[in-house]
Each structure stands twice: as C-alpha cells, then as structure tokens.
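**Q** First, the structure itself, so that you have it in front of you.
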Amino acid sequence: MTAAAPATLDPRVDLGRGLVLPNPVGVASGTFGYGFELEQLVDIQRLGAIFSKGTTPRSRPGNRPPRVAETTAGMLNAIGLQNPGVEAVASEYAPRWAGWRVPVVVNVAAEDIPGYVAVVRRLAGVPGVAGVELNISCPNIAHGLDFGQDPQAAARCVEAVRRATPAPLIVKLSPNVTDIGAVAAAVAAAGADAVSVVNTYLGLKVSLALRRPVLPGAGTGGLSGPAIKPLALAAVRRVRQAVSIPVVGVGGIQTAADALEFFVVGADAVQVGTATFRNPAAALEVLDGCLAYAAAQGLRRWTDLRATARPADAPGPTVGPGA
Amino acid sequence: MSRPVAALPASDLGRAVDRSARVSQVLDLGAGSWELTLECPEIATRARPGEFLQVQVDPAPVPLLRRPFSVCRADPAAGTLGIYFGVTGIGTARLAGLTVGDEVRVLGPLGRGYSLPPGPARALCVAGGLGAAPFPFLARALSAAGATVHWLNGAATAGRLYPVERLGAPVDVTVVTQDGSRGVRGVVTDVLPDLLTAADRVYACGPNPMLAAVAALCASAPTPVALEVSLEAPMGCGFGTCLGCALPVGGPEALALCCRQGPVLAAEAVDWPALLALPPAHVA
Ligand SMILES: Cc1cc2nc3c(=O)[nH]c(=O)nc-3n(C[C@H](O)[C@H](O)[C@H](O)COP(=O)(O)O)c2cc1C
Ligand code: FES
C-alpha cells in the first residue's frame, strides 16, 4: 500500500434546510431531557445534536406510575409525554440553548393537526431551536390519532406542519407499521427534510406473580434498547431504499460498532437513546469510536460510508478493519 | 433543569461521578440479604446520608438498567462504599454472585438525602427489613453531628434484621419481629408511639405500608414529629432524564421524580393512598 496523505474528516452532517450537525451522533428524544439535566455529568457540547423530550401544546403530567419496566436487553416505557408544554420550552429553555454549540432539535407531539401546527408555530424563528422533530408515532398517549400508522394521514400532518414553519423538519417514524418505507416516502413527498427511524416498538410485559401487565392502563409500552437494534437496522435499510432525504438511525445503539452498522445500511446520522441510561457518556463514546473508525478508514465525509453495505450474497473478501 | 412537576426541590448532579469500583468485600448476611463493599474514594467522600448509587451489575446489556441502592456506608478514610440489599431479581442475584476483585460501575451520589438536624437532637430511625439500608450511614452522621440516635429495627423474622452490631455508631436499639424470634413480637408501629415521645425527628425506610403507618402516627402524635421517608420507584436512569420514576405526591401537580426530588421526601409531601395503590417496585 502506498502511504496516502492523512485524510482529514469533515465530521459535519447536513440534514437539510440549514440544519448542519457538527457530527453525526446525537441523543434521542425522551432519553436526555432538555439537555440541562446531564450538563454537569457529561460534555454535552460535544454531541452532534440533542433531540428534546416530546413537547406538546400544553404541559402534560404524564401517565400514572409505574412507567418503566426492564425486559431482556431492553426496556418498556409508558411515560405519557410528561413535559412542561411548548410555551415554557420556547420562553425559558430556548434562550439557554441559544448560547450552546450543540444544536437542540425540539421533538414535537400533539393529539391532532392543529396541535402540531400550534407547537411548531410557537417554535418558529425562536433562537436556540435548531429544528423540529415531529413525533407522529407515540404509542403511549391513550387518545389522539396515531398519524404514523398510515401514509396518507402522516402526509396530511406533515404538509400542514410544513406550511406552518420554515424550520428544518425531521419526521420521526413509527416502526409499528406494515411498510415503513411507504410512510417514509409519503412524508418525504409532503415536505419532510429528513426522517428519524425508529421510535419504540409496541411491547408488553406481564407479571406472572400478579397475573397482569406490569405497566398500567393498556399495559403496553414502547420497547427500546439493544433488543430492538436488528429491527431498527432493517427499518433504516428499508427507508433508505424508499427515500433520498437524510435518514437519522435510532434504536438500540450502544457502541460505535452499532452506529457504524446504521451508517453502512443508509443512515446519515444516529441517535443514542436508552444506552444513556446505562452509561451517561454512551453517546460521546459512540462518537469517539466512530471518529476513530473514520480515521482508520481514511474517510473524508460521513456520506462516504452511507449505504456502503454490499448485498448479502456479494462475493469477495471482507473490507477494512471491523468489517 | 426541566421543571420539576411538583414544587419540590430537585437534586443537582454536581457531585455525581461515574466510576469503576472494585469489590473489596462480599458479605452474606443470611436470608437472601447481602452487604457489598466497593472501593470508590471519590463517591465515598461526596455522598451524604439518604443519597443513592446507580450500580451497573454487568458489562453485557442483561440486565440492561443499573440498579439503585441507598448508600449504606460511606467511609472517606478507607475510600469505600457499602450497599445492603436482598436478592429480588436478576440484578441483585448477579451482585450477590460477585467476588472480591470484581469491578462494577457506580454512578453517584444521586438524589436528595435526609436532612440532618442543625444542632443536638433526638433522632429516631425506623427500619423495616431491607429498609435498614440507608441507616448505618445516617446513624453515624447523626451522632457525629451531636444527635442521639435510637434505631427501631423491624423485620418479619430475626434472620431478616439488619445486624445492628455492624452499625459502628453509638445507638440505642429496639428490635421488633413479626414472629417474635427476636425482640418484641409485633410490627414497628406497635412500639413507635412510646418512642415518639422522646424524638424530635424521625427517619424511616421500608415497605410502603409500613411507611404510611409511621407517617400517620408521626402526624397524629400529641406533639407531631417531623418525618422523612426514603421511597423506591422503578428507575430507568437515576438522573432525571427518563421521567420513569414518578411518585405520587400531594398537591395539584401530583407527581415527583424519585431520583431527583427523592428518594427522601418529607412525609407530608407524599400522597399516601396513591402510593399504597402502586405495585411493589420490584415485580417479577
Ligand atoms: C423513556 C423513553 C422516553 C421516550 N420519549 C420519547 C419522546 O418523547 N418522543 C419521541 O419521539 N421518542 C421518545 N422515545 C423514543 C426514543 O427517542 C428512541 O426512538 C427509542 O428509544 C429507540 O432508541 P433506543 O433503543 O436507542 O432507546 C423515548 C424512549 C424512551 C426509552
Ligand atoms: S429514573 Fe429516570 S427520571 Fe428518575
């Protein structure tokens, strides 16, 4: 091998409409609060992005406890979108984000289209809000349409939101559908700048001792953590095949190797969620590992890695370290 | 800070660190209860009574989540921390199987602990079974602060009593067991009214029904006595970002985060009927 000049990696990732992340590793909605909680424990300014807790038109107290239950290599949650409401986020939190290096994307949830529109309108043009991530897929609020279940409904919601805000718009997809590719294509056509893939999988934990579900109400919750990684990876690959807009991969990422698998099947950026609960520095460790891999591979841009996985039956030797 | 749901003060994470800690002692206390000593000088010097630790019991993601434990002992001179627990599931079973020299990750100190009296005071610690966990540390801190300490140590049976001889602090002890195998036969609330007459403040930790009964007695005593209780909730993170550890508290905004606004709460802040309606924190 001839000694190539060391390539310098441009670590940034462009998610469209001016939202350029300083690096491709962010933290997932609902696992990192509004960024302030962990400020004293980890260097949050090194993150690629913070995706905030789901934010609704008015404050919500959330579901009654218990709200979380551990499963094998995973966990179920039924938090019920506890949040202070968009007004507090826009007027109290955003001014503090405005001085941060890390972009903060506000995750938005509502029970109907006017609700989504109201939240994104309030956030439009607010300094400190780098973009919005539309959660059309929360399995944990009892009423409210689940727009993420149906391509047409998802598209209607995204069209209305697109008209209401000039902000970068990422749409977070539900994996609890027959064909996530069809939903992705519909929201891309409706004006999404990027998609996040995936939200939690609907799951159930039953206590044999109590002969009832562990979580209250419907008993179901959203499954996250390493248990869902293979499912999320398949969803990301399917979405990559269906759309050309940027894809943010999320689901079960714990290590840099996990994240790199998402890149090679088509993600432009990733989010680390539940892994933060085990290790508050998980996202930063994922980032450092990805940067080390990029250096070893001589990458110049992350897109050099995107969707480079070969077909399962491709002939020939393996490529590169860790392949 | 995301706004606390209830108007209760929340901890900050300013003293918390995440460290690998070496197991230096594994003590089988019988009846499925254990005390583990961990070498962790930074947390040992930072911890305060009633605060807790999040312990990652396995480097593999099963069990996925860390397990919360009250700081049972903190010895800054030796640089060690102690935790006291019963085997209730896969996480605690794994911990009980550790041997000296093993390493676990420990995040802490976390949460809001007990408040110590400003001057000399007569303190009463009421422990139910494994609820004794925070009291060795608290009792030492109380007596170092000039308080006299009475420990009311209760359990179902003698084998489940925390061994008070391990306390290492000058305390008066009253022992109560439900089966009468040691001390007074009965439950802690049978003997509490008498002890309350000689107490300025009460600290309690144990099963929720016991805590509710202690709270009722403290509030209805001829001279009501201030009570702080340490509560449990299933936790996703332990540091305030998952919002999983909600506990019912009184007032219009009816939930508090156990990990940030607790685990120690003033008894009058707790919505006792709602708390008693919850399933136990460890369900299998
Ligand atoms: C406790 C908890 C709360 C969550 N809250 C939200 C939320 O408010 N909005 C949202 O879009 N996703 C939410 N999620 C989903 C995560 O952002 C992520 O999509 C999912 O957990 C899968 O990633 P992971 O396996 O890395 O955690 C939540 C997940 C967890 C575990
Ligand atoms: S355990 Fe996650 S917020 Fe308390």
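Following the order of the structure tokens, first chain is A, next is B, and so on, with residues numbered from 1 inside each chain and ligands from 1 in the order they appear.
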Could you write out as a count of residues only the residues of chain B within 7 Å of chain A, counting only C-alpha atoms?
**A** 27
**Q** For segment 100-115 of chain A, work out the shell of residues within 8 Å, counting only C-alpha atoms and skipping chain neighbours fewer than 3 positions away, then give it as a CSV table (one decimal) with N, CA, C and O atoms, in the first residue's frame.
**A**
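Saved the output as out-v7.csv:
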chain,number,residue,atom,x,y,z
A,21,LEU,N,-25.4,19.3,11.5
A,21,LEU,CA,-24.9,18.8,12.8
A,21,LEU,C,-23.4,18.9,12.8
A,21,LEU,O,-22.8,18.5,11.8
A,22,PRO,N,-22.8,19.2,13.9
A,22,PRO,CA,-21.3,19.2,14.0
A,22,PRO,C,-20.7,17.8,13.9
A,22,PRO,O,-19.6,17.7,13.5
A,29,SER,N,-34.7,11.6,21.6
A,29,SER,CA,-35.8,12.2,22.4
A,29,SER,C,-36.3,11.3,23.5
A,29,SER,O,-36.4,10.1,23.4
A,44,ILE,N,-21.9,17.8,27.1
A,44,ILE,CA,-23.0,17.7,26.2
A,44,ILE,C,-22.7,18.6,24.9
A,44,ILE,O,-23.2,18.3,23.8
A,45,GLN,N,-21.8,19.5,25.0
A,45,GLN,CA,-21.5,20.4,23.9
A,45,GLN,C,-20.8,19.6,22.7
A,45,GLN,O,-20.7,20.1,21.6
A,46,ARG,N,-20.2,18.5,23.0
A,46,ARG,CA,-19.6,17.7,22.0
A,46,ARG,C,-20.6,16.8,21.2
A,46,ARG,O,-20.2,16.2,20.2
A,47,LEU,N,-21.8,16.8,21.6
A,47,LEU,CA,-22.8,15.9,20.9
A,47,LEU,C,-23.1,16.5,19.5
A,47,LEU,O,-23.0,17.7,19.3
A,48,GLY,N,-23.5,15.7,18.6
A,48,GLY,CA,-24.0,16.1,17.3
A,48,GLY,C,-25.3,16.9,17.4
A,48,GLY,O,-25.5,17.8,16.6
A,49,ALA,N,-26.1,16.5,18.3
A,49,ALA,CA,-27.4,17.1,18.5
A,49,ALA,C,-28.1,16.6,19.7
A,49,ALA,O,-27.8,15.4,20.1
A,50,ILE,N,-28.9,17.4,20.3
A,50,ILE,CA,-29.8,16.9,21.4
A,50,ILE,C,-31.2,17.0,20.8
A,50,ILE,O,-31.7,18.1,20.4
A,51,PHE,N,-31.9,15.8,20.8
A,51,PHE,CA,-33.3,15.8,20.4
A,51,PHE,C,-34.1,15.8,21.7
A,51,PHE,O,-33.9,14.9,22.6
A,52,SER,N,-34.9,16.8,21.9
A,52,SER,CA,-35.5,17.1,23.2
A,52,SER,C,-36.6,16.1,23.5
A,52,SER,O,-37.1,15.4,22.7
A,53,LYS,N,-37.0,16.1,24.8
A,53,LYS,CA,-38.2,15.4,25.2
A,53,LYS,C,-39.4,15.9,24.3
A,53,LYS,O,-39.5,17.0,23.9
A,54,GLY,N,-40.3,15.0,24.0
A,54,GLY,CA,-41.5,15.3,23.3
A,54,GLY,C,-42.3,16.5,23.9
A,54,GLY,O,-42.5,16.4,25.1
A,55,THR,N,-42.5,17.5,23.1
A,55,THR,CA,-43.1,18.7,23.6
A,55,THR,C,-44.5,18.9,23.0
A,55,THR,O,-44.6,18.8,21.8
A,56,THR,N,-45.5,19.2,23.9
A,56,THR,CA,-46.9,19.3,23.4
A,56,THR,C,-47.4,20.7,23.6
A,56,THR,O,-46.8,21.6,24.2
A,57,PRO,N,-48.6,21.0,23.0
A,57,PRO,CA,-49.2,22.3,23.1
A,57,PRO,C,-49.3,22.9,24.5
A,57,PRO,O,-48.9,24.0,24.8
A,96,ARG,N,-31.5,29.6,26.7
A,96,ARG,CA,-30.3,29.0,27.2
A,96,ARG,C,-29.6,28.2,26.1
A,96,ARG,O,-28.4,28.1,26.1
A,97,TRP,N,-30.4,27.5,25.3
A,97,TRP,CA,-29.8,26.7,24.2
A,97,TRP,C,-29.1,27.6,23.2
A,97,TRP,O,-28.1,27.2,22.5
A,118,ALA,N,-49.8,24.3,16.1
A,118,ALA,CA,-49.6,25.3,17.2
A,118,ALA,C,-48.2,25.2,17.8
A,118,ALA,O,-47.5,26.3,18.0
A,119,VAL,N,-47.7,24.0,18.0
A,119,VAL,CA,-46.4,23.9,18.6
A,119,VAL,C,-45.3,24.4,17.7
A,119,VAL,O,-44.4,25.2,18.1
A,120,VAL,N,-45.3,24.0,16.4
A,120,VAL,CA,-44.2,24.4,15.5
A,120,VAL,C,-44.3,25.9,15.2
A,120,VAL,O,-43.3,26.5,15.0
A,128,GLY,N,-32.1,29.4,19.3
A,128,GLY,CA,-31.9,28.3,20.2
A,128,GLY,C,-32.6,27.0,19.7
A,128,GLY,O,-32.2,25.9,20.1
A,129,VAL,N,-33.6,27.1,18.9
A,129,VAL,CA,-34.3,26.0,18.3
A,129,VAL,C,-33.7,25.7,17.0
A,129,VAL,O,-34.0,26.4,16.0
A,130,ALA,N,-32.9,24.6,16.8
A,130,ALA,CA,-32.2,24.3,15.6
A,130,ALA,C,-33.2,23.7,14.5
A,130,ALA,O,-32.9,23.7,13.4
A,131,GLY,N,-34.2,23.1,15.0
A,131,GLY,CA,-35.1,22.4,14.1
A,131,GLY,C,-36.2,21.7,14.9
A,131,GLY,O,-36.2,21.7,16.2
A,132,VAL,N,-37.1,21.0,14.2
A,132,VAL,CA,-38.2,20.3,14.9
A,132,VAL,C,-38.1,18.8,14.4
A,132,VAL,O,-37.9,18.6,13.2
A,133,GLU,N,-38.4,17.9,15.4
A,133,GLU,CA,-38.5,16.5,15.0
A,133,GLU,C,-40.0,16.2,15.4
A,133,GLU,O,-40.4,16.3,16.5
A,134,LEU,N,-40.7,15.8,14.4
A,134,LEU,CA,-42.1,15.5,14.5
A,134,LEU,C,-42.4,14.1,14.9
A,134,LEU,O,-42.1,13.2,14.2
A,135,ASN,N,-42.9,13.9,16.1
A,135,ASN,CA,-43.2,12.6,16.6
A,135,ASN,C,-44.6,12.2,16.2
A,135,ASN,O,-45.6,12.7,16.8
A,136,ILE,N,-44.7,11.5,15.1
A,136,ILE,CA,-46.1,11.2,14.6
A,136,ILE,C,-46.4,9.7,15.1
A,136,ILE,O,-47.3,9.1,14.5
A,138,CYS,N,-46.3,8.3,18.8
A,138,CYS,CA,-46.1,7.9,20.2
A,138,CYS,C,-47.2,6.9,20.6
A,138,CYS,O,-48.4,7.2,20.6
A,143,HIS,N,-55.4,8.7,23.9
A,143,HIS,CA,-56.2,9.1,22.8
A,143,HIS,C,-55.3,9.8,21.8
A,143,HIS,O,-54.1,9.9,22.0
A,144,GLY,N,-55.9,10.3,20.7
A,144,GLY,CA,-55.1,11.0,19.8
A,144,GLY,C,-54.8,10.1,18.6
A,144,GLY,O,-54.6,8.9,18.8
A,145,LEU,N,-54.8,10.6,17.4
A,145,LEU,CA,-54.6,9.8,16.3
A,145,LEU,C,-53.2,9.4,16.2
A,145,LEU,O,-52.3,10.2,16.5
A,157,CYS,N,-50.5,15.4,7.9
A,157,CYS,CA,-49.9,16.1,9.1
A,157,CYS,C,-48.6,16.8,8.7
A,157,CYS,O,-48.5,18.0,9.1
A,160,ALA,N,-49.3,20.0,6.7
A,160,ALA,CA,-49.8,21.1,7.5
A,160,ALA,C,-48.7,21.8,8.3
A,160,ALA,O,-48.5,23.0,8.4
A,161,VAL,N,-47.8,20.9,8.8
A,161,VAL,CA,-46.7,21.4,9.6
A,161,VAL,C,-45.7,22.2,8.7
A,161,VAL,O,-45.2,23.2,9.0
**Q** With distances taken over only C-alpha atoms and all ligand atoms, which residue among A:Leu9, A:Ala234, A:Val187, A:Ala282 lies nearest ligand 1?
**A**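 Nearest candidate to ligand 1 out of A:Leu9, A:Ala234, A:Val187, A:Ala282: A:Ala282.
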**Q** Quick one, how far is atom 21 (O, counted along the ligand's line) of ligand 1 from atom CA of Ile228 of chain A?
**A** 9.1 Å
**Q** Would you mind listing what lies within 8 Å of segment 188-198 of chain A as an MDAnalysis selection string, with only C-alpha atoms counted and same-chain residues fewer than 4 positions away left out?
**A** chainID A and resid 15:17 155:156 158:159 162 168:175 184 232 235:236 239 243 245:251
**Q** From a backbone DSSP assignment, name each residue in segment 8-189 of chain B labelled strand (DSSP E or B), as a PyMOL selection string.
**A** chain B and resi 17-30+33-39+52-56+67-70+73-75+80-86+103-110+112+122-128+148-155+171-177+184-185
**Q** Restricted to C-alpha atoms, what would the selected residues look like written as a PDB file, in the first residue's frame?
**A**
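Contents of again_3.pdb, as written:
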ATOM      1  CA  VAL B  17     -19.354  10.830  39.071  1.00  0.00           C
ATOM      2  CA  ASP B  18     -19.406   7.523  37.188  1.00  0.00           C
ATOM      3  CA  ARG B  19     -16.537   5.281  38.247  1.00  0.00           C
ATOM      4  CA  SER B  20     -15.386   1.711  38.039  1.00  0.00           C
ATOM      5  CA  ALA B  21     -15.292   0.336  41.579  1.00  0.00           C
ATOM      6  CA  ARG B  22     -13.510  -2.770  42.846  1.00  0.00           C
ATOM      7  CA  VAL B  23     -15.452  -5.113  45.079  1.00  0.00           C
ATOM      8  CA  SER B  24     -13.471  -5.442  48.319  1.00  0.00           C
ATOM      9  CA  GLN B  25     -15.906  -7.439  50.432  1.00  0.00           C
ATOM     10  CA  VAL B  26     -18.970  -9.606  49.817  1.00  0.00           C
ATOM     11  CA  LEU B  27     -20.835 -10.356  52.995  1.00  0.00           C
ATOM     12  CA  ASP B  28     -23.660 -12.889  53.117  1.00  0.00           C
ATOM     13  CA  LEU B  29     -25.936 -11.699  55.910  1.00  0.00           C
ATOM     14  CA  GLY B  30     -28.287 -14.654  55.512  1.00  0.00           C
ATOM     15  CA  SER B  33     -29.560 -10.359  52.158  1.00  0.00           C
ATOM     16  CA  TRP B  34     -26.066  -9.123  51.393  1.00  0.00           C
ATOM     17  CA  GLU B  35     -23.701  -6.309  52.073  1.00  0.00           C
ATOM     18  CA  LEU B  36     -21.174  -5.388  49.418  1.00  0.00           C
ATOM     19  CA  THR B  37     -18.180  -3.111  49.935  1.00  0.00           C
ATOM     20  CA  LEU B  38     -16.889  -1.163  46.949  1.00  0.00           C
ATOM     21  CA  GLU B  39     -13.677   0.804  46.607  1.00  0.00           C
ATOM     22  CA  PHE B  52     -28.207   6.633  46.317  1.00  0.00           C
ATOM     23  CA  LEU B  53     -25.958   4.960  43.776  1.00  0.00           C
ATOM     24  CA  GLN B  54     -26.731   3.526  40.350  1.00  0.00           C
ATOM     25  CA  VAL B  55     -24.770   0.299  40.006  1.00  0.00           C
ATOM     26  CA  GLN B  56     -24.185  -1.379  36.641  1.00  0.00           C
ATOM     27  CA  ARG B  67     -29.830  -0.835  39.953  1.00  0.00           C
ATOM     28  CA  PRO B  68     -30.386   1.885  42.536  1.00  0.00           C
ATOM     29  CA  PHE B  69     -29.063   1.333  46.082  1.00  0.00           C
ATOM     30  CA  SER B  70     -29.045   3.625  49.082  1.00  0.00           C
ATOM     31  CA  ARG B  73     -21.935   3.099  54.395  1.00  0.00           C
ATOM     32  CA  ALA B  74     -19.505   5.706  53.168  1.00  0.00           C
ATOM     33  CA  ASP B  75     -16.047   5.686  54.657  1.00  0.00           C
ATOM     34  CA  THR B  80     -15.166   2.633  50.461  1.00  0.00           C
ATOM     35  CA  LEU B  81     -18.906   2.489  49.967  1.00  0.00           C
ATOM     36  CA  GLY B  82     -21.297  -0.146  51.255  1.00  0.00           C
ATOM     37  CA  ILE B  83     -24.627  -1.276  49.869  1.00  0.00           C
ATOM     38  CA  TYR B  84     -27.137  -3.565  51.580  1.00  0.00           C
ATOM     39  CA  PHE B  85     -29.677  -5.460  49.511  1.00  0.00           C
ATOM     40  CA  GLY B  86     -31.868  -8.504  49.189  1.00  0.00           C
ATOM     41  CA  GLU B 103     -15.340  -4.444  39.111  1.00  0.00           C
ATOM     42  CA  VAL B 104     -18.702  -2.743  38.741  1.00  0.00           C
ATOM     43  CA  ARG B 105     -19.552   0.734  37.526  1.00  0.00           C
ATOM     44  CA  VAL B 106     -21.031   3.055  40.117  1.00  0.00           C
ATOM     45  CA  LEU B 107     -22.710   6.385  39.411  1.00  0.00           C
ATOM     46  CA  GLY B 108     -23.373   8.674  42.333  1.00  0.00           C
ATOM     47  CA  PRO B 109     -24.101  10.185  44.666  1.00  0.00           C
ATOM     48  CA  LEU B 110     -27.609  10.773  43.332  1.00  0.00           C
ATOM     49  CA  ARG B 112     -31.810  14.135  47.731  1.00  0.00           C
ATOM     50  CA  ARG B 122     -33.078  13.179  69.424  1.00  0.00           C
ATOM     51  CA  ALA B 123     -33.314  11.191  66.212  1.00  0.00           C
ATOM     52  CA  LEU B 124     -35.333   8.031  65.667  1.00  0.00           C
ATOM     53  CA  CYS B 125     -34.553   5.760  62.706  1.00  0.00           C
ATOM     54  CA  VAL B 126     -37.325   3.331  61.780  1.00  0.00           C
ATOM     55  CA  ALA B 127     -36.234   0.474  59.550  1.00  0.00           C
ATOM     56  CA  GLY B 128     -38.375  -2.259  58.033  1.00  0.00           C
ATOM     57  CA  THR B 148     -28.645  10.963  69.993  1.00  0.00           C
ATOM     58  CA  VAL B 149     -29.883   8.102  67.836  1.00  0.00           C
ATOM     59  CA  HIS B 150     -32.499   5.488  68.571  1.00  0.00           C
ATOM     60  CA  TRP B 151     -32.856   2.735  65.999  1.00  0.00           C
ATOM     61  CA  LEU B 152     -36.133   0.890  65.765  1.00  0.00           C
ATOM     62  CA  ASN B 153     -35.158  -2.171  63.784  1.00  0.00           C
ATOM     63  CA  GLY B 154     -38.051  -4.265  62.486  1.00  0.00           C
ATOM     64  CA  ALA B 155     -38.361  -7.309  60.246  1.00  0.00           C
ATOM     65  CA  VAL B 171     -27.190   3.954  69.133  1.00  0.00           C
ATOM     66  CA  ASP B 172     -29.985   2.663  71.322  1.00  0.00           C
ATOM     67  CA  VAL B 173     -31.731  -0.189  69.615  1.00  0.00           C
ATOM     68  CA  THR B 174     -35.257  -1.567  69.861  1.00  0.00           C
ATOM     69  CA  VAL B 175     -35.831  -4.772  67.934  1.00  0.00           C
ATOM     70  CA  VAL B 176     -39.228  -5.919  66.683  1.00  0.00           C
ATOM     71  CA  THR B 177     -40.022  -9.080  64.722  1.00  0.00           C
ATOM     72  CA  VAL B 184     -40.674  -7.548  70.730  1.00  0.00           C
ATOM     73  CA  ARG B 185     -43.229  -9.618  68.812  1.00  0.00           C
TER      74      ARG B 185
END
**Q** Select, from B:Gly79, B:Gly111, B:Gly89, B:Pro209, the residue with the minimum atom-to-atom distance to Arg15 of chain B, counting only C-alpha atoms.
**A**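 Using only C-alpha atoms, the shortest distance to Arg15 of chain B belongs to B:Gly111.
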**Q** Residues within 12 Å of Cys205 of chain B, please, as an MDAnalysis selection string. Count only C-alpha atoms; anything in the same chain fewer than 4 positions from it doesn't count.
**A** chainID B and resid 50 70 113:114 124:135 138 151:155 188 209:215 227:232 263:265 267
**Q** Neighbouring residues of Ala226 of chain B were defined as those with any atom within 10 Å, considering only C-alpha atoms; residues of the same chain fewer than 4 positions away were excluded. Please report them as a list in words.
**A**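 Counting only the stated atoms, we get Ala199, Asp200, Arg201, Val202, Tyr203, Ala215, Cys218, Ala219, Ala266, Ala267 and Glu268 of chain B.
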**Q** Any chance you can output those residues with C-alpha atoms as a JSON list (two decimals), in the first residue's frame?
**A**
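What ended up in part_32.json:
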[["chain", "number", "residue", "atom", "x", "y", "z"],
["B", 199, "ALA", "CA", -37.92, 12.00, 69.43],
["B", 200, "ASP", "CA", -37.51, 15.36, 67.70],
["B", 201, "ARG", "CA", -37.35, 13.87, 64.25],
["B", 202, "VAL", "CA", -37.97, 10.54, 62.62],
["B", 203, "TYR", "CA", -36.32, 8.94, 59.59],
["B", 215, "ALA", "CA", -46.46, 8.72, 58.80],
["B", 218, "CYS", "CA", -45.99, 10.84, 63.49],
["B", 219, "ALA", "CA", -48.70, 13.22, 62.28],
["B", 266, "ALA", "CA", -40.97, 14.81, 53.79],
["B", 267, "ALA", "CA", -43.85, 12.56, 54.81],
["B", 268, "GLU", "CA", -46.40, 15.34, 54.34]]
**Q** One decimal, Å: what's the distance from atom CA of Glu42 of chain B over to atom CA of Cys72 of chain B, could you say?
**A**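 Computing the Euclidean distance for atom CA of Glu42 of chain B and atom CA of Cys72 of chain B yields 15.8 Å.
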